[in-house]
Structure formats: structure tokens, C-alpha cells
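For reference, the structure is listed below as C-alpha cells.
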Amino acid sequence: MKRFTDRVAIVTGAAQGIGAAIARRLGEEGATVVVADVNEKAAAKVAKACGNGSFAVATDVGDAGQVKRLHETVVKRAGKIDVLVNNAAIVPFQPWDQVDFDHWRQIMRVNLDGVFLMSRASSDAMRKTGYGRIVNICSNTIFAGTPNMAAYVAAKGGVFGFTRALATELGAYRITVNAVCPGLTASEGVMASPHAKAFEFVEMLQAIKGHGKPDDIAPAVAFLASEEAQWITGQTVNVDAGMVRW
Ligand SMILES: NC(=O)c1ccc[n+]([C@@H]2O[C@H](COP(=O)([O-])OP(=O)(O)OC[C@H]3O[C@@H](n4cnc5c(N)ncnc54)[C@H](O)[C@@H]3O)[C@@H](O)[C@H]2O)c1
């Protein structure tokens, strides 16, 4: 399947984990992928693997100036922006007693402000061409109220609401905005954190047994980012082996 031939897609936080799997999947299907991540070296490697003239741009999504520069670079080098996948996020393990305002702001800055800054700039570019797909990577923790992640769950709850509102704002331009909520997934970030110990517990709650991998998340994102999903907007899909049903 080559659903993204001649399409330009920005995937944030795609130097590793779920973002890298999404970037590779879009690249396999023909997209020129812009890998936007703070980790420049790893981002360049992923971009090379994506093919189709894909490239990396070192970007902190929580920094308005860097987001502006990213968009200028993409329009200059690739001519347009068809797809934005807001994947970059900090996935913390922070017990409630250690949640102070600095931690709260750090998480909001990347996980919620970053989604706003990227969506603001990308949707402005998309409106110029009359085509666009925005897919926000949310989390099933917003339904489960997962422990040790209060600021993260709050930020992702914001992404969930923002997805609905932005779909309304951009519907007139036929730009769709949807969200995908992964369940616990064995990304590099998760495997290096105490969350790695939760797989057995989470598996008990899943309808389909097994441990989630980044490649399990990418197909749903690719579908929502494709032309054929043109009649779907403002929606949130759990991709978590049926752990959360709503
Ligand atoms: N892995 C899971 O279990 C899980 C579950 C639900 C949702 N998610 C969501 O999936 C997405 C990817 O998670 P992951 O587990 O692959 O994470 P990860 O920690 O493995 O990778 C995150 C990537 O984001 C980048 N990044 C961090 N801060 C950034 C910033 N300010 N600007 C640009 N890039 C930045 C990192 O450099 C890294 O490459 C996130 O939105 C996360 O909240 C993950």
C-alpha cells in the first residue's frame, strides 16, 4: 500500500519509540517524513530509514521559535505540509508527593503547549493547500487515571479535548483532527522507566493478550493520516488491545 506518495508528513518525537514506528510506516507508504525531535542524531537515523527525501530537523516542540523555524524549513525544503503527527511527549513516572509546579509546567510545556504550537503552525500551512491531516498521540491513561502520572494524564486530557475543538475549527477547510490513545507500549522511553514493570498487570486487563509494541500503534495512525479517512474527524481511538472500552 502506498497511501502517502507525494505527501509531506511531520512526525514529532520520532527519534525513537512510537514516533519512529509511525515515521517508518509513513515512509514505507511513500511519504517524505520530517522527523522533528530534540535528539538530532537519532532523528537523522530515522529520517534516513524513511527514504523519499525524508529529513530531520532538531526541534523542541515546546519552544515557539523552534516550531516556527521548523515550519519555515519544511515549507522551503518540501513545499508543503500534508500530515502532522503530534507524538512528542515526556512520559514521566512521578509519584503524587513529588509532583510540584516545576514538574507540572515541564510536562504541560512539552505535552500540551507543544501540541498547540505545532498544530497552530501546521494547520496554517495546510489551509494554504486545502488539505490536511492532524493526528494527536494521546494516551489511554486519560480513561484509566493511571497512577504516578498526574501531570501527564492532565496534559493528555487536554490533548483529548483540544482534538475535538480543533476538528470543529478546521472542518471548514476539510482538515481532519483525530487522536490515537496507545496503551502501555514497549518504547525505549517506557522500557527505561519503572513503567516497564506494569506490563503483566496491564495484560490482565486487555481483551487481546500480549505486550504492546510501537509497530502495533502505527497502522491506526497511518489510517487516520491517510486520504481515505476524510470522513472521520474529532475522534479518539484507543489502540491498547481492548484494555479500555468506552
Ligand atoms: N509508550 C507508552 O506506553 C505510551 C502509552 C500511551 C501514550 N504514549 C504516547 O506515545 C508517544 C510516544 O511515546 P514513547 O513511549 O514512544 O516515548 P519515548 O520516550 O520512547 O520517545 C519520546 C520521543 O520524544 C522526544 N521528545 C521529548 N521531548 C521532546 C520535545 N520537547 N520536543 C521534541 N521531541 C521531544 C524524545 O527525544 C523521544 O525521541 C507520546 O506522546 C506518549 O505520551 C506512549
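Residues are referred to by chain and number: the chain letter is A, B, ... according to the order shown in the C-alpha cells, the number counts from 1 in that chain, and ligands are numbered separately from 1 in the order shown.
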Contacts with ligand 1 at most 6 Å, only C-alpha atoms and all ligand atoms counted, listed as JSON, numbers by chain: {"A": [12, 13, 14, 15, 16, 17, 18, 19, 37, 38, 39, 59, 60, 61, 62, 87, 88, 89, 90, 91, 110, 137, 138, 139, 181, 182, 183, 184, 185, 186, 187, 188, 189, 190]}
Near-Gly53 of chain A list (10 Å; only C-alpha atoms; drop same-chain fewer than 6 positions) as number ranges by chain: A: 8, 27, 30-34, 47, 77-78
All residues 12 Å or closer to Arg69 of chain A, only C-alpha atoms, same chain fewer than 4 positions away omitted, as a PyMOL selection string: chain A and resi 36+57-61+63-65+73-76+117-118+121-122
Save out the residues we just selected, N, CA and C atoms, as a PDB file, in the first residue's frame.
ATOM      1  N   ALA A  36      10.999  15.443  13.603  1.00  0.00           N
ATOM      2  CA  ALA A  36      11.249  16.618  14.446  1.00  0.00           C
ATOM      3  C   ALA A  36      11.405  16.165  15.889  1.00  0.00           C
ATOM      4  N   VAL A  57      14.789  17.581  11.547  1.00  0.00           N
ATOM      5  CA  VAL A  57      15.016  18.965  11.980  1.00  0.00           C
ATOM      6  C   VAL A  57      14.997  18.965  13.505  1.00  0.00           C
ATOM      7  N   ALA A  58      16.134  19.329  14.103  1.00  0.00           N
ATOM      8  CA  ALA A  58      16.203  19.380  15.568  1.00  0.00           C
ATOM      9  C   ALA A  58      15.180  20.393  16.078  1.00  0.00           C
ATOM     10  N   THR A  59      14.227  19.928  16.867  1.00  0.00           N
ATOM     11  CA  THR A  59      13.143  20.801  17.315  1.00  0.00           C
ATOM     12  C   THR A  59      12.687  20.438  18.721  1.00  0.00           C
ATOM     13  N   ASP A  60      12.578  21.450  19.559  1.00  0.00           N
ATOM     14  CA  ASP A  60      11.894  21.301  20.845  1.00  0.00           C
ATOM     15  C   ASP A  60      10.475  21.822  20.621  1.00  0.00           C
ATOM     16  N   VAL A  61       9.490  20.940  20.680  1.00  0.00           N
ATOM     17  CA  VAL A  61       8.117  21.347  20.335  1.00  0.00           C
ATOM     18  C   VAL A  61       7.515  22.344  21.328  1.00  0.00           C
ATOM     19  N   ASP A  63       9.029  25.025  22.289  1.00  0.00           N
ATOM     20  CA  ASP A  63       9.683  26.318  22.054  1.00  0.00           C
ATOM     21  C   ASP A  63       9.083  26.958  20.785  1.00  0.00           C
ATOM     22  N   ALA A  64       8.383  28.064  20.974  1.00  0.00           N
ATOM     23  CA  ALA A  64       7.654  28.689  19.852  1.00  0.00           C
ATOM     24  C   ALA A  64       8.593  29.056  18.705  1.00  0.00           C
ATOM     25  N   GLY A  65       9.793  29.568  19.026  1.00  0.00           N
ATOM     26  CA  GLY A  65      10.749  29.970  17.994  1.00  0.00           C
ATOM     27  C   GLY A  65      11.220  28.768  17.178  1.00  0.00           C
ATOM     28  N   THR A  73      11.467  25.760   7.553  1.00  0.00           N
ATOM     29  CA  THR A  73      12.374  24.804   6.897  1.00  0.00           C
ATOM     30  C   THR A  73      11.593  23.795   6.057  1.00  0.00           C
ATOM     31  N   VAL A  74      10.508  23.270   6.608  1.00  0.00           N
ATOM     32  CA  VAL A  74       9.739  22.237   5.894  1.00  0.00           C
ATOM     33  C   VAL A  74       9.125  22.823   4.618  1.00  0.00           C
ATOM     34  N   VAL A  75       8.546  24.002   4.725  1.00  0.00           N
ATOM     35  CA  VAL A  75       7.910  24.600   3.536  1.00  0.00           C
ATOM     36  C   VAL A  75       8.971  24.912   2.482  1.00  0.00           C
ATOM     37  N   LYS A  76      10.139  25.361   2.948  1.00  0.00           N
ATOM     38  CA  LYS A  76      11.227  25.677   2.000  1.00  0.00           C
ATOM     39  C   LYS A  76      11.750  24.398   1.314  1.00  0.00           C
ATOM     40  N   LEU A 117       1.386  24.519  19.744  1.00  0.00           N
ATOM     41  CA  LEU A 117       2.309  25.271  18.863  1.00  0.00           C
ATOM     42  C   LEU A 117       2.428  24.597  17.492  1.00  0.00           C
ATOM     43  N   MET A 118       2.573  23.268  17.508  1.00  0.00           N
ATOM     44  CA  MET A 118       2.722  22.531  16.246  1.00  0.00           C
ATOM     45  C   MET A 118       1.435  22.600  15.422  1.00  0.00           C
ATOM     46  N   ALA A 121       0.894  26.155  13.795  1.00  0.00           N
ATOM     47  CA  ALA A 121       1.741  26.431  12.626  1.00  0.00           C
ATOM     48  C   ALA A 121       1.410  25.504  11.454  1.00  0.00           C
ATOM     49  N   SER A 122       1.234  24.206  11.724  1.00  0.00           N
ATOM     50  CA  SER A 122       0.975  23.263  10.624  1.00  0.00           C
ATOM     51  C   SER A 122      -0.386  23.511   9.985  1.00  0.00           C
TER      52      SER A 122
END
Picked from segment 81-176 of chain A by DSSP as strand (DSSP E or B), as number ranges by chain: A: 83-86, 132-137, 175-176
For Ala172 of chain A, the nearest of the candidates A:Arg7, A:Lys156, A:Arg127, A:Lys48, counting only C-alpha atoms: A:Arg127
